[in-house]
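Reading through the structure tokens given below for one structure.
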There are 2 protein chains.
Amino acid sequence: MHSISELKQLVDKAIAELIFNAGPKDLYDPINYMLSLDAKRLRPVLVLCASEMFNGDLKKSMNPALGIEVFHNFTLLHDDIMDNAPLRRTQQTVHSKWNVNVAILSGDTMFVKACQLMMMTDDDKVRPVMELFHQTAIEVCEGQQLDMDFENLETVLIGDYIHMITSKTAVLLGSSLQTGAILASAPDSDAKHVYEFGKNIGIAFQLKDDILDVFANDKKFGKQKGGDIVANKKTFLLLKALELASGDDSSELKKWIQDGNQQPEAKVEAVTKLYQKLNVKELAEAEMDKYFESAMHHLNEVNVPDERKSALKDFAGQLMTREN
Amino acid sequence: MHSISELKQLVDKAIAELIFNAGPKDLYDPINYMLSLDAKRLRPVLVLCASEMFNGDLKKSMNPALGIEVFHNFTLLHDDIMDNAPLRRTQQTVHSKWNVNVAILSGDTMFVKACQLMMMTDDDKVRPVMELFHQTAIEVCEGQQLDMDFENLETVLIGDYIHMITSKTAVLLGSSLQTGAILASAPDSDAKHVYEFGKNIGIAFQLKDDILDVFANDKKFGKQKGGDIVANKKTFLLLKALELASGDDSSELKKWIQDGNQQPEAKVEAVTKLYQKLNVKELAEAEMDKYFESAMHHLNEVNVPDERKSALKDFAGQLMTREN
């Protein structure tokens, strides 16, 4: 079995070889550009990792693994248009570097290319792989819509927030692992358990993101802290604080959210203090731990020897202890 | 066997029952809206028509037929954003009625729904149906990109124009017919012939569109004539005229194209006169007839009794003699 970092190298090599250069330049240049940006390749690595866990053939799993990465990048490309984001992975987004029309159509084409890569599997795997892929894609679209809907709501229930991050982010991690399991002909029950492992780790991962944005160690975080606070992003921390704050705390929190004219530094400092007073960091960590433990429970249930689970265990541990 | 109009009724009924209402409203309302607009349902009718021609089961062909219609509407939805079009089928476009972000994401979701409908077929049909579908989708995206590229070119070779309309419009008609043939377990050679029939009819169909825009019978056309001329759209007529015009004719044609300040009526009248002088209508009709004949040749080659071809023959005849 390969380590996570060895699998990442294999994926990087395969992505580099995946150059689309027949057809209109303005359609394929943005796709090649998007795929060439430095990235963690989490999802294809998870496909390969699950495949190896069940003694699957790594070579046979590579094309669907790339399919999931191409799909993920398609969603980022279209999300960046919707979010009006200038940068992606420190580089210009496609709609900034080219234009919105190019970004829409290149994204559409990436999605079809992703489908074609997913189909590159044995006949008996095509239906389960594609049905899972389509179901996941629908959930990711719904998650993005909910995320946009939430921007226009005054507040959002924690349960709805968890549902949104589950759809937008977590199911694709679960789906990556389940795809690897299907490709390796794992029993259905094991395939479901790795899906649940990935989904729960994905939720914990997103909660960790919310926490790091406010409470990261400055030296290790590597980007400006408090971006979510400045943008009034409805993270777990803000929603929990809104739920718990009463009296003066509630008025102060709402004042910082509603008044668009404050200094960002002052806002980050004040809201962070309120978060500390209301203990929302600890509550977020408890929530995160809950999903982490649920993930580990599902991994334990997978019916393979423990040593075959070590790569995924390492992966989960790294996600939880990361500082950026 | 059913007639074209009977098949259209069956499709209309099935589309009306295809309501997406679980999940975020802003994601699914635009999809339901788009699918509810009055439309010819050409592509799903062609799927069913080909399926019946080869003694296929109509019920089993309906979901993939709907998949192709949903896919077609997804491309219209995204094309309307790119073309900044306010109206579609006399109603507001989705990006006008909602907004661009909703139109992007609803379109993406429609594509996934289309894939799911295409998968609703027997196991042994999934791979050929999906591979054809993906290949066609790629070509449609490339055709749209070429169409946008052409807007920024001074002139375009006729051959490149034919290639563009083939990709953007014609292959999906061919693909619809081939899908019906595959679903009915037609021999590969017959499936290829109905594909070629559809593709060639599609090219002829688009050339007919180009001609009608300028030379339609006013009373029967039902919309303002000369829209392509006013917009400087690079149709077969304009490209042929640019190719053939010399001396004063060439200068005059270029003047009308380059000067943005003319009265639309005067421009349409003058350019139409030049078209008449240069005989481009007759040349376009000859080109159209060439593709029509090629289509009929492929239909003749299909190895089923003549009476099973009558619906498609009628269909082809109607497309060619239509006046709007």
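Lettering and numbering for the structure tokens are positional, with chains as A, B, ... in the shown order, residues counted from 1 in each chain, and ligands counted from 1 in the shown order.
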
I need the chain B residues near chain A as an MDAnalysis selection string; criterion: at most 10 Å, counting only C-alpha atoms.
chainID B and resid 23:28 75 78:79 81:83 100:102 104:116 119:120 123:124 126:127 130:131 133:146 148:149

Could you give me, as a ChimeraX atom specification, the residues within 12 Å of Asn73 (chain B), counting only C-alpha atoms and dropping anything in the same chain fewer than 3 positions from it?
/B:15,30-44,66-70,76-80,88-89,93-94,103,106-111,113-114

If I take CA of Thr90 (chain A) and CA of Phe205 (chain A), how far is one from the other in Å, to one decimal?
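According to the coordinates, CA of Thr90 (chain A) and CA of Phe205 (chain A) are separated by 21.1 Å.
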
Neighbour list for Thr166 (chain B) as a ChimeraX atom specification, cut-off 12 Å, only C-alpha atoms, skip fewer than 3 positions in-chain:
/B:136,139-144,146-147,159-163,169-175,196,198-207,291

Among the residues of region 55-98 of chain B, find those DSSP assigns to strand (DSSP E) from the backbone and print them as a compact mmCIF listing (two decimals) with N, CA and C atoms, in the first residue's frame.
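And here's result_29.txt as it stands now:
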```
# COMPACT_ATOMS: atom_id res chain seq x y z
N LEU B 87 -35.05 37.24 -24.00
CA LEU B 87 -36.22 36.38 -24.22
C LEU B 87 -35.83 35.01 -24.77
N ARG B 88 -36.64 34.04 -24.38
CA ARG B 88 -36.52 32.67 -24.91
C ARG B 88 -37.94 32.17 -25.09
N GLN B 91 -40.76 34.25 -23.74
CA GLN B 91 -40.81 34.50 -22.30
C GLN B 91 -39.43 34.97 -21.81
N GLN B 92 -39.42 35.53 -20.58
CA GLN B 92 -38.14 35.97 -20.02
C GLN B 92 -37.17 34.81 -19.89
```

Neighbouring residues of Lys313 (chain B) were defined as those with any atom within 12 Å, considering only C-alpha atoms; residues of the same chain fewer than 6 positions away were excluded. Please report them as number ranges by chain.
B: 3-4, 46, 49-50, 53, 194, 197-198, 201, 292-293, 295-300, 306-307, 319-320

Could you please write out, as a ChimeraX atom specification, every residue of region 83-317 of chain A that DSSP assigns to alpha helix (DSSP H)?
/A:94-97,100-118,123-151,158-165,171-183,188-215,218-221,227-230,236-244,247-258,264-277,280-301,310-317

Can you tell me which residues surround region 272-279 of chain A at a distance of at most 8 Å, considering only C-alpha atoms, apart from same-chain residues fewer than 5 positions away, and format the answer as number ranges by chain?
A: 214, 237-238, 241, 244-245, 249, 253

Please write the residues from the selection above to a file, keeping C-alpha atoms, as a PDB file, in the first residue's frame.
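The new file out-v6.pdb reads:
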```pdb
ATOM      1  CA  VAL A 214     -10.588  33.074  13.933  1.00  0.00           C
ATOM      2  CA  LEU A 237     -19.056  30.243  15.313  1.00  0.00           C
ATOM      3  CA  LEU A 238     -21.251  33.176  14.293  1.00  0.00           C
ATOM      4  CA  ALA A 241     -22.849  33.098  19.044  1.00  0.00           C
ATOM      5  CA  LEU A 244     -26.336  32.066  22.694  1.00  0.00           C
ATOM      6  CA  ALA A 245     -25.848  35.817  23.056  1.00  0.00           C
ATOM      7  CA  ASP A 249     -23.767  40.746  24.085  1.00  0.00           C
ATOM      8  CA  LEU A 253     -22.805  41.312  18.112  1.00  0.00           C
TER       9      LEU A 253
END
```

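In this structure, CA of Asp122 (chain B) sits 15.8 Å away from CA of Val47 (chain B).
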
Interatomic distance (Å, one decimal) between CA of Leu312 (chain B) and CA of Lys13 (chain B):
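If I compute the distance from CA of Leu312 (chain B) to CA of Lys13 (chain B), I get 21.4 Å.
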